[in-house]
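Structure file protein.cif (mmCIF, C-alpha atoms) follows.
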data_input
loop_
_atom_site.group_PDB
_atom_site.id
_atom_site.type_symbol
_atom_site.label_atom_id
_atom_site.label_comp_id
_atom_site.auth_asym_id
_atom_site.auth_seq_id
_atom_site.Cartn_x
_atom_site.Cartn_y
_atom_site.Cartn_z
ATOM 1 C CA MET T 1 -25.776 -42.228 39.414
ATOM 2 C CA ALA T 2 -28.915 -40.192 39.850
ATOM 3 C CA THR T 3 -30.903 -40.912 42.979
ATOM 4 C CA LYS T 4 -34.141 -42.824 42.482
ATOM 5 C CA LYS T 5 -37.241 -42.539 44.611
ATOM 6 C CA LYS T 6 -38.898 -45.949 44.882
ATOM 7 C CA LEU T 7 -41.980 -47.457 46.413
ATOM 8 C CA LEU T 8 -41.506 -50.466 48.630
ATOM 9 C CA GLN T 9 -43.833 -53.257 49.637
ATOM 10 C CA ALA T 10 -42.411 -56.074 51.720
ATOM 11 C CA ALA T 11 -43.754 -59.285 53.220
ATOM 12 C CA ALA T 12 -41.870 -60.896 56.083
ATOM 13 C CA GLY T 13 -40.245 -64.257 56.319
ATOM 14 C CA ASN T 14 -41.289 -66.956 58.794
ATOM 15 C CA ALA T 15 -42.450 -65.408 62.067
ATOM 16 C CA GLY T 16 -43.076 -68.750 63.834
ATOM 17 C CA GLY T 17 -45.450 -69.368 66.736
ATOM 18 C CA ALA T 18 -49.007 -70.459 67.455
ATOM 19 C CA ALA T 19 -50.922 -67.466 66.051
ATOM 20 C CA LEU T 20 -51.182 -66.695 62.326
ATOM 21 C CA ASN T 21 -47.731 -66.771 60.781
ATOM 22 C CA VAL T 22 -46.423 -65.669 57.419
ATOM 23 C CA GLU T 23 -46.518 -69.226 56.077
ATOM 24 C CA ASP T 24 -50.267 -69.272 56.822
ATOM 25 C CA VAL T 25 -51.008 -66.261 54.617
ATOM 26 C CA PHE T 26 -48.221 -65.944 52.045
ATOM 27 C CA SER T 27 -46.175 -68.271 49.854
ATOM 28 C CA THR T 28 -43.569 -67.957 47.145
ATOM 29 C CA TYR T 29 -43.742 -71.277 45.315
ATOM 30 C CA LEU T 30 -41.581 -72.313 42.362
ATOM 31 C CA TYR T 31 -42.682 -75.187 40.153
ATOM 32 C CA ASN T 32 -41.818 -76.926 36.902
ATOM 33 C CA GLY T 33 -44.477 -77.617 34.319
ATOM 34 C CA THR T 34 -45.314 -81.203 33.447
ATOM 35 C CA ALA T 35 -46.228 -80.685 29.776
ATOM 36 C CA THR T 36 -49.038 -83.210 30.194
ATOM 37 C CA ASN T 37 -52.828 -83.041 30.274
ATOM 38 C CA VAL T 38 -52.918 -84.151 33.901
ATOM 39 C CA ALA T 39 -54.249 -81.584 36.398
ATOM 40 C CA HIS T 40 -51.366 -80.068 38.341
ATOM 41 C CA ARG T 41 -51.873 -79.461 42.080
ATOM 42 C CA ILE T 42 -49.849 -76.753 43.824
ATOM 43 C CA GLN T 43 -49.579 -77.470 47.551
ATOM 44 C CA ASN T 44 -48.119 -74.406 49.248
ATOM 45 C CA GLY T 45 -50.009 -74.635 52.547
ATOM 46 C CA ILE T 46 -52.268 -71.623 51.916
ATOM 47 C CA ASP T 47 -55.974 -72.111 52.648
ATOM 48 C CA LEU T 48 -57.658 -70.525 49.656
ATOM 49 C CA ALA T 49 -60.790 -72.670 49.897
ATOM 50 C CA GLY T 50 -61.694 -71.497 53.384
ATOM 51 C CA GLU T 51 -60.177 -68.018 53.550
ATOM 52 C CA GLY T 52 -59.836 -66.826 49.954
ATOM 53 C CA GLY T 53 -57.053 -64.858 48.318
ATOM 54 C CA LEU T 54 -54.941 -64.145 45.235
ATOM 55 C CA VAL T 55 -52.777 -66.401 43.041
ATOM 56 C CA TRP T 56 -50.113 -64.601 40.935
ATOM 57 C CA ILE T 57 -48.047 -66.638 38.438
ATOM 58 C CA LYS T 58 -45.209 -65.787 36.001
ATOM 59 C CA LYS T 59 -42.950 -67.867 33.765
ATOM 60 C CA ARG T 60 -39.328 -67.448 34.903
ATOM 61 C CA ASP T 61 -37.106 -68.889 32.201
ATOM 62 C CA SER T 62 -36.935 -68.591 28.386
ATOM 63 C CA ASN T 63 -39.278 -66.250 26.516
ATOM 64 C CA ILE T 64 -40.489 -64.688 29.753
ATOM 65 C CA ALA T 65 -41.396 -61.478 27.939
ATOM 66 C CA ASN T 66 -43.942 -63.425 25.884
ATOM 67 C CA THR T 67 -45.841 -64.764 28.895
ATOM 68 C CA ASN T 68 -48.314 -62.617 30.788
ATOM 69 C CA HIS T 69 -48.472 -62.270 34.530
ATOM 70 C CA TYR T 70 -51.470 -64.400 35.546
ATOM 71 C CA LEU T 71 -53.626 -63.123 38.444
ATOM 72 C CA SER T 72 -56.631 -65.084 39.644
ATOM 73 C CA ASP T 73 -58.553 -64.675 42.882
ATOM 74 C CA THR T 74 -61.278 -66.438 44.814
ATOM 75 C CA GLU T 75 -63.685 -63.497 44.612
ATOM 76 C CA ARG T 76 -63.889 -63.709 40.808
ATOM 77 C CA GLY T 77 -63.469 -67.473 40.579
ATOM 78 C CA ASN T 78 -61.968 -69.102 37.506
ATOM 79 C CA PHE T 79 -61.016 -65.902 35.660
ATOM 80 C CA TYR T 80 -57.626 -64.281 35.240
ATOM 81 C CA ILE T 81 -56.284 -60.814 34.490
ATOM 82 C CA ALA T 82 -52.766 -59.915 33.346
ATOM 83 C CA SER T 83 -50.992 -57.172 35.287
ATOM 84 C CA ASN T 84 -48.925 -56.244 32.220
ATOM 85 C CA SER T 85 -52.049 -55.756 30.069
ATOM 86 C CA THR T 86 -55.097 -53.489 30.016
ATOM 87 C CA ASN T 87 -57.302 -56.353 28.794
ATOM 88 C CA ALA T 88 -60.511 -57.408 30.495
ATOM 89 C CA GLN T 89 -60.547 -60.647 32.457
ATOM 90 C CA ALA T 90 -60.751 -63.927 30.569
ATOM 91 C CA ALA T 91 -61.652 -67.503 31.479
ATOM 92 C CA GLY T 92 -58.872 -69.110 33.486
ATOM 93 C CA ASP T 93 -57.783 -72.642 34.182
ATOM 94 C CA ILE T 94 -57.668 -72.967 37.950
ATOM 95 C CA ALA T 95 -59.786 -76.066 38.486
ATOM 96 C CA SER T 96 -60.105 -75.478 42.241
ATOM 97 C CA TYR T 97 -58.918 -73.337 45.123
ATOM 98 C CA ASN T 98 -57.897 -75.775 47.838
ATOM 99 C CA SER T 99 -57.252 -75.751 51.579
ATOM 100 C CA ASP T 100 -53.537 -76.077 50.835
ATOM 101 C CA GLY T 101 -53.130 -74.227 47.528
ATOM 102 C CA TRP T 102 -54.765 -74.605 44.126
ATOM 103 C CA THR T 103 -55.112 -76.975 41.168
ATOM 104 C CA PHE T 104 -54.509 -76.123 37.510
ATOM 105 C CA ASN T 105 -56.565 -77.766 34.782
ATOM 106 C CA ALA T 106 -53.740 -78.573 32.370
ATOM 107 C CA SER T 107 -55.895 -79.824 29.511
ATOM 108 C CA THR T 108 -57.339 -76.536 28.267
ATOM 109 C CA GLY T 109 -56.421 -72.958 27.453
ATOM 110 C CA LEU T 110 -53.972 -71.210 29.739
ATOM 111 C CA GLY T 111 -53.401 -74.316 31.789
ATOM 112 C CA THR T 112 -51.262 -75.570 28.930
ATOM 113 C CA ASP T 113 -49.343 -72.251 28.832
ATOM 114 C CA TYR T 114 -48.513 -72.252 32.532
ATOM 115 C CA LEU T 115 -47.754 -75.953 32.757
ATOM 116 C CA ALA T 116 -45.429 -76.342 29.777
ATOM 117 C CA ALA T 117 -42.131 -78.059 30.515
ATOM 118 C CA GLN T 118 -40.561 -74.870 31.857
ATOM 119 C CA SER T 119 -40.176 -73.177 35.229
ATOM 120 C CA TYR T 120 -42.595 -70.782 36.923
ATOM 121 C CA ALA T 121 -42.813 -68.560 39.991
ATOM 122 C CA SER T 122 -46.024 -68.089 41.939
ATOM 123 C CA TRP T 123 -46.987 -65.828 44.833
ATOM 124 C CA THR T 124 -50.100 -66.543 46.902
ATOM 125 C CA PHE T 125 -51.658 -63.964 49.223
ATOM 126 C CA ARG T 126 -54.359 -65.203 51.600
ATOM 127 C CA GLN T 127 -57.042 -62.870 52.859
ATOM 128 C CA ALA T 128 -56.301 -61.999 56.487
ATOM 129 C CA THR T 129 -56.836 -59.035 58.786
ATOM 130 C CA LYS T 130 -53.896 -56.614 58.697
ATOM 131 C CA PHE T 131 -52.355 -58.424 55.738
ATOM 132 C CA PHE T 132 -54.368 -58.699 52.519
ATOM 133 C CA ASP T 133 -57.911 -58.410 51.166
ATOM 134 C CA VAL T 134 -59.708 -58.830 47.825
ATOM 135 C CA VAL T 135 -62.747 -56.670 47.064
ATOM 136 C CA THR T 136 -65.032 -56.653 44.028
ATOM 137 C CA TYR T 137 -67.723 -54.081 43.272
ATOM 138 C CA THR T 138 -69.945 -52.814 40.466
ATOM 139 C CA GLY T 139 -69.854 -49.176 39.405
ATOM 140 C CA ASP T 140 -73.015 -47.135 39.909
ATOM 141 C CA GLY T 141 -72.091 -43.903 38.100
ATOM 142 C CA THR T 142 -72.708 -41.738 41.167
ATOM 143 C CA THR T 143 -69.348 -39.947 40.981
ATOM 144 C CA GLU T 144 -69.659 -38.304 37.573
ATOM 145 C CA ASP T 145 -69.710 -34.885 39.265
ATOM 146 C CA GLY T 146 -66.214 -35.506 40.659
ATOM 147 C CA SER T 147 -67.406 -36.610 44.083
ATOM 148 C CA SER T 148 -66.145 -39.827 45.673
ATOM 149 C CA ARG T 149 -67.742 -43.166 46.421
ATOM 150 C CA LEU T 150 -66.598 -45.143 49.447
ATOM 151 C CA ILE T 151 -66.005 -48.878 49.001
ATOM 152 C CA SER T 152 -65.838 -51.096 52.094
ATOM 153 C CA HIS T 153 -62.999 -53.535 52.762
ATOM 154 C CA ASN T 154 -62.174 -56.099 55.453
ATOM 155 C CA LEU T 155 -58.476 -55.384 55.911
ATOM 156 C CA GLY T 156 -59.032 -54.241 59.497
ATOM 157 C CA SER T 157 -56.363 -51.563 59.106
ATOM 158 C CA THR T 158 -55.613 -48.657 56.787
ATOM 159 C CA PRO T 159 -54.248 -49.987 53.472
ATOM 160 C CA GLY T 160 -50.672 -49.154 52.604
ATOM 161 C CA PHE T 161 -51.042 -50.111 48.944
ATOM 162 C CA TYR T 162 -53.949 -51.123 46.751
ATOM 163 C CA ILE T 163 -54.539 -51.869 43.083
ATOM 164 C CA VAL T 164 -57.774 -51.321 41.141
ATOM 165 C CA LYS T 165 -58.602 -52.993 37.796
ATOM 166 C CA ARG T 166 -61.758 -53.018 35.723
ATOM 167 C CA THR T 167 -62.475 -56.629 34.855
ATOM 168 C CA ASP T 168 -65.218 -56.439 32.198
ATOM 169 C CA GLY T 169 -63.435 -54.006 29.890
ATOM 170 C CA ALA T 170 -60.007 -52.758 28.852
ATOM 171 C CA GLU T 171 -58.518 -50.295 31.353
ATOM 172 C CA ASN T 172 -55.224 -49.535 33.046
ATOM 173 C CA TRP T 173 -54.310 -50.889 36.460
ATOM 174 C CA ARG T 174 -54.276 -48.008 38.979
ATOM 175 C CA CYS T 175 -52.296 -48.090 42.226
ATOM 176 C CA PHE T 176 -52.577 -46.114 45.455
ATOM 177 C CA HIS T 177 -49.530 -46.035 47.740
ATOM 178 C CA ARG T 178 -49.368 -44.513 51.205
ATOM 179 C CA SER T 179 -46.087 -42.702 50.461
ATOM 180 C CA LEU T 180 -47.705 -40.887 47.505
ATOM 181 C CA GLY T 181 -51.022 -40.063 49.154
ATOM 182 C CA ALA T 182 -54.469 -39.652 47.627
ATOM 183 C CA THR T 183 -53.441 -36.994 45.096
ATOM 184 C CA LYS T 184 -51.060 -39.245 43.129
ATOM 185 C CA ALA T 185 -51.130 -42.681 41.547
ATOM 186 C CA ILE T 186 -49.090 -45.073 39.436
ATOM 187 C CA GLN T 187 -49.973 -47.695 36.840
ATOM 188 C CA LEU T 188 -49.129 -51.344 37.393
ATOM 189 C CA ASP T 189 -49.184 -52.016 33.656
ATOM 190 C CA GLY T 190 -46.807 -49.153 32.854
ATOM 191 C CA THR T 191 -43.291 -47.899 33.542
ATOM 192 C CA GLY T 192 -44.076 -44.200 33.950
ATOM 193 C CA SER T 193 -43.479 -42.107 37.044
ATOM 194 C CA ALA T 194 -46.167 -41.295 39.576
ATOM 195 C CA ILE T 195 -48.623 -38.699 38.343
ATOM 196 C CA THR T 196 -50.870 -36.210 40.067
ATOM 197 C CA ALA T 197 -54.336 -37.688 39.734
ATOM 198 C CA ASN T 198 -56.911 -36.158 42.063
ATOM 199 C CA SER T 199 -59.622 -37.617 39.842
ATOM 200 C CA TRP T 200 -58.569 -41.191 40.687
ATOM 201 C CA TRP T 201 -58.980 -41.139 44.474
ATOM 202 C CA ALA T 202 -60.871 -37.815 44.815
ATOM 203 C CA ASN T 203 -58.105 -36.731 47.238
ATOM 204 C CA VAL T 204 -59.661 -38.922 49.942
ATOM 205 C CA GLU T 205 -57.290 -41.069 52.006
ATOM 206 C CA PRO T 206 -58.331 -44.672 52.750
ATOM 207 C CA THR T 207 -59.332 -45.732 56.260
ATOM 208 C CA ASP T 208 -59.433 -49.013 58.159
ATOM 209 C CA THR T 209 -62.945 -49.665 56.794
ATOM 210 C CA ASN T 210 -63.100 -48.145 53.289
ATOM 211 C CA PHE T 211 -61.315 -46.525 50.361
ATOM 212 C CA SER T 212 -62.479 -43.893 47.885
ATOM 213 C CA VAL T 213 -63.016 -44.085 44.132
ATOM 214 C CA THR T 214 -64.268 -41.508 41.667
ATOM 215 C CA PHE T 215 -65.673 -41.636 38.134
ATOM 216 C CA ASN T 216 -62.577 -43.328 36.678
ATOM 217 C CA PHE T 217 -63.442 -46.390 38.770
ATOM 218 C CA ASN T 218 -67.203 -46.127 38.970
ATOM 219 C CA ALA T 219 -68.650 -46.441 35.469
ATOM 220 C CA THR T 220 -72.277 -47.525 35.606
ATOM 221 C CA GLY T 221 -72.526 -51.312 35.452
ATOM 222 C CA ALA T 222 -68.763 -51.845 35.158
ATOM 223 C CA ASN T 223 -67.085 -54.504 37.324
ATOM 224 C CA TYR T 224 -63.885 -53.941 39.315
ATOM 225 C CA VAL T 225 -61.488 -55.904 41.503
ATOM 226 C CA VAL T 226 -59.262 -54.380 44.173
ATOM 227 C CA TYR T 227 -56.240 -55.961 45.868
ATOM 228 C CA LEU T 228 -55.475 -54.300 49.211
ATOM 229 C CA PHE T 229 -52.221 -54.718 51.140
ATOM 230 C CA ALA T 230 -51.823 -53.681 54.767
ATOM 231 C CA HIS T 231 -49.012 -51.678 56.343
ATOM 232 C CA ASN T 232 -47.970 -52.946 59.769
ATOM 233 C CA ASN T 233 -46.278 -50.319 61.920
ATOM 234 C CA ASN T 234 -45.678 -52.047 65.250
ATOM 235 C CA ASP T 235 -49.354 -53.017 65.230
ATOM 236 C CA GLY T 236 -49.304 -56.396 63.459
ATOM 237 C CA ASP T 237 -51.249 -59.379 64.816
ATOM 238 C CA PHE T 238 -48.887 -62.167 63.824
ATOM 239 C CA GLY T 239 -46.330 -64.459 65.414
ATOM 240 C CA PRO T 240 -46.242 -66.319 68.759
ATOM 241 C CA ASP T 241 -47.581 -63.355 70.745
ATOM 242 C CA ALA T 242 -49.893 -62.053 67.996
ATOM 243 C CA ASP T 243 -48.010 -58.749 67.953
ATOM 244 C CA ALA T 244 -45.519 -59.070 65.087
ATOM 245 C CA ASP T 245 -45.437 -57.079 61.841
ATOM 246 C CA ILE T 246 -45.196 -59.050 58.603
ATOM 247 C CA ILE T 247 -45.916 -56.482 55.847
ATOM 248 C CA LYS T 248 -44.812 -52.895 55.251
ATOM 249 C CA CYS T 249 -45.329 -50.354 52.476
ATOM 250 C CA GLY T 250 -42.920 -47.433 52.280
ATOM 251 C CA SER T 251 -40.381 -45.624 50.135
ATOM 252 C CA PHE T 252 -36.635 -45.110 49.890
ATOM 253 C CA THR T 253 -34.125 -43.116 47.870
ATOM 254 C CA ASP T 254 -31.603 -45.100 45.891
ATOM 255 C CA SER T 255 -28.118 -43.797 45.096
ATOM 256 C CA SER T 256 -24.743 -44.934 43.778
ATOM 257 C CA SER T 257 -23.762 -45.893 47.330
ATOM 258 C CA GLY T 258 -26.766 -48.199 47.666
ATOM 259 C CA TRP T 259 -29.596 -48.125 50.194
ATOM 260 C CA SER T 260 -30.803 -49.792 53.347
ATOM 261 C CA VAL T 261 -34.333 -50.115 54.736
ATOM 262 C CA ASP T 262 -35.025 -51.375 58.266
ATOM 263 C CA LEU T 263 -38.300 -53.307 58.138
ATOM 264 C CA GLY T 264 -37.996 -54.931 61.533
ATOM 265 C CA PHE T 265 -38.223 -58.384 59.951
ATOM 266 C CA GLU T 266 -36.520 -60.425 57.256
ATOM 267 C CA PRO T 267 -38.561 -60.057 54.038
ATOM 268 C CA GLN T 268 -39.214 -62.835 51.573
ATOM 269 C CA PHE T 269 -40.991 -60.710 48.935
ATOM 270 C CA LEU T 270 -40.285 -57.206 47.624
ATOM 271 C CA LEU T 271 -42.256 -55.221 45.052
ATOM 272 C CA THR T 272 -40.623 -51.929 44.027
ATOM 273 C CA LYS T 273 -41.213 -49.191 41.442
ATOM 274 C CA ARG T 274 -39.328 -46.008 40.644
ATOM 275 C CA VAL T 275 -41.763 -43.106 40.993
ATOM 276 C CA ASP T 276 -39.791 -39.958 40.111
ATOM 277 C CA SER T 277 -38.991 -41.158 36.585
ATOM 278 C CA THR T 278 -39.541 -44.051 34.187
ATOM 279 C CA GLY T 279 -38.668 -47.468 35.569
ATOM 280 C CA ASN T 280 -39.829 -51.071 35.587
ATOM 281 C CA TRP T 281 -41.746 -52.710 38.388
ATOM 282 C CA GLU T 282 -39.499 -55.265 40.071
ATOM 283 C CA ILE T 283 -40.388 -58.373 42.090
ATOM 284 C CA VAL T 284 -37.719 -60.211 44.052
ATOM 285 C CA ASP T 285 -38.145 -63.046 46.508
ATOM 286 C CA THR T 286 -36.077 -65.355 48.644
ATOM 287 C CA MET T 287 -36.854 -68.424 46.541
ATOM 288 C CA ARG T 288 -35.331 -66.985 43.369
ATOM 289 C CA GLY T 289 -32.744 -64.909 45.250
ATOM 290 C CA PHE T 290 -32.478 -61.234 46.150
ATOM 291 C CA THR T 291 -30.517 -60.188 43.052
#
As structure tokens, how would this structure be written, given the file I've shared?
Amino acid sequence: MATKKKLLQAAAGNAGGAALNVEDVFSTYLYNGTATNVAHRIQNGIDLAGEGGLVWIKKRDSNIANTNHYLSDTERGNFYIASNSTNAQAAGDIASYNSDGWTFNASTGLGTDYLAAQSYASWTFRQATKFFDVVTYTGDGTTEDGSSRLISHNLGSTPGFYIVKRTDGAENWRCFHRSLGATKAIQLDGTGSAITANSWWANVEPTDTNFSVTFNFNATGANYVVYLFAHNNNDGDFGPDADADIIKCGSFTDSSSGWSVDLGFEPQFLLTKRVDSTGNWEIVDTMRGFT
């Protein structure tokens, strides 16, 4: 079997303790739809009302290929975007972001699609320093000469992985990954390999306060959302002593003999993508099983 170079993003399992723990900022939650018009409340323990964050949902049984990935965040409110589509955002059906999860309005639109009598997987990322952040901005057209524009974030550390999507028009999802650097990028809505794309990040590496965009992400008056994921490298602020890592972004080479990655913690969520050739994005988690 040919070797495969893959990106890796991992979120830890329960770290325990009095400081912020994984269960405070991340949840994999499986649920069954009710097929009724009654609002459906997801209680996963994540404070979206007070802290903000991202809700990501996908049907997990029959006809899964016919159901979009549903991404909604507290910065944009009740709108969703589909990570498998280039489409602009559309009105969503999250009735409220709560202190312990969120509530679907099952009586209209997508609420009926994601609450049919079938099974679903959801992943919730709460905004937290050195873990995850959501940023929105409006393009100002200042980078048409190929220069870069710096966008501020509140991650409190240098991002390991971030995703940019225009929300008011059709456009691909673009991804930066620390193992590829600021000269390459990959598309979340595609299966292609990583490509050299200096015009996406202007060859400017992100920092602990900002990231760079160029004209591809800075059209005058256009609206964008960015999901930023941290990379802890023995500098995390989690767990009983506020010194544990819970998220890492890296790469590995697969082969016929398998592979092993030492994260320093037991992960409960993995997002991987082959980058040296065509390959699907893959999400595995401990709730559905690491298979």
* To do: Pick out the closest residue to Ala244 of chain T from this set: T:Ala39, T:Leu263, T:Leu228, T:Leu30. Count all atoms listed in the file.
  =>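 Of all the options, T:Leu263 lies closest to Ala244 of chain T.
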* To do: Provide the atom CA of Tyr137 of chain T to atom CA of Asn218 of chain T distance in Å, to one decimal place.
  =>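 The value is 9.1 Å.
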* Selected by the PyMOL selection byres ((chain T and resi 222) around 7) in the shown coordinates: which residues, as a PyMOL selection string? -> chain T and resi 138-139+168+219-221+223-224
* To do: Go through T:Gln43, T:Thr28, T:Gln187, T:Ser255 one by one, measure the shortest atom-to-atom distance of each to Ile163 of chain T using all atoms listed in the file, and give the residue with the smallest value.
  =>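 Distance minimum relative to Ile163 of chain T lands on T:Gln187.
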Explicit residue set for the PyMOL selection byres ((chain T and resi 215) around 12), as an mmCIF file with C-alpha atoms, in the frame of the given file:
data_model
loop_
_atom_site.group_PDB
_atom_site.id
_atom_site.type_symbol
_atom_site.label_atom_id
_atom_site.label_comp_id
_atom_site.auth_asym_id
_atom_site.auth_seq_id
_atom_site.Cartn_x
_atom_site.Cartn_y
_atom_site.Cartn_z
ATOM 1 C CA GLY T 139 -69.854 -49.176 39.405
ATOM 2 C CA ASP T 140 -73.015 -47.135 39.909
ATOM 3 C CA GLY T 141 -72.091 -43.903 38.100
ATOM 4 C CA THR T 142 -72.708 -41.738 41.167
ATOM 5 C CA THR T 143 -69.348 -39.947 40.981
ATOM 6 C CA GLU T 144 -69.659 -38.304 37.573
ATOM 7 C CA ASP T 145 -69.710 -34.885 39.265
ATOM 8 C CA GLY T 146 -66.214 -35.506 40.659
ATOM 9 C CA SER T 147 -67.406 -36.610 44.083
ATOM 10 C CA SER T 148 -66.145 -39.827 45.673
ATOM 11 C CA ARG T 149 -67.742 -43.166 46.421
ATOM 12 C CA LEU T 150 -66.598 -45.143 49.447
ATOM 13 C CA ASN T 198 -56.911 -36.158 42.063
ATOM 14 C CA SER T 199 -59.622 -37.617 39.842
ATOM 15 C CA TRP T 200 -58.569 -41.191 40.687
ATOM 16 C CA TRP T 201 -58.980 -41.139 44.474
ATOM 17 C CA ALA T 202 -60.871 -37.815 44.815
ATOM 18 C CA SER T 212 -62.479 -43.893 47.885
ATOM 19 C CA VAL T 213 -63.016 -44.085 44.132
ATOM 20 C CA THR T 214 -64.268 -41.508 41.667
ATOM 21 C CA ASN T 216 -62.577 -43.328 36.678
ATOM 22 C CA PHE T 217 -63.442 -46.390 38.770
ATOM 23 C CA ASN T 218 -67.203 -46.127 38.970
ATOM 24 C CA ALA T 219 -68.650 -46.441 35.469
ATOM 25 C CA THR T 220 -72.277 -47.525 35.606
ATOM 26 C CA ALA T 222 -68.763 -51.845 35.158
#
* Asked: Distance atom CA of Val134 of chain T-atom CA of Gly53 of chain T, one decimal place?
  -> 6.6 Å
* To do: Find the residue from T:Pro159, T:Thr286, T:Thr278, T:Lys184 that sits nearest to Lys248 of chain T; use only C-alpha atoms when measuring.
  =>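 Among T:Pro159, T:Thr286, T:Thr278, T:Lys184, it is T:Pro159 that comes nearest to Lys248 of chain T.
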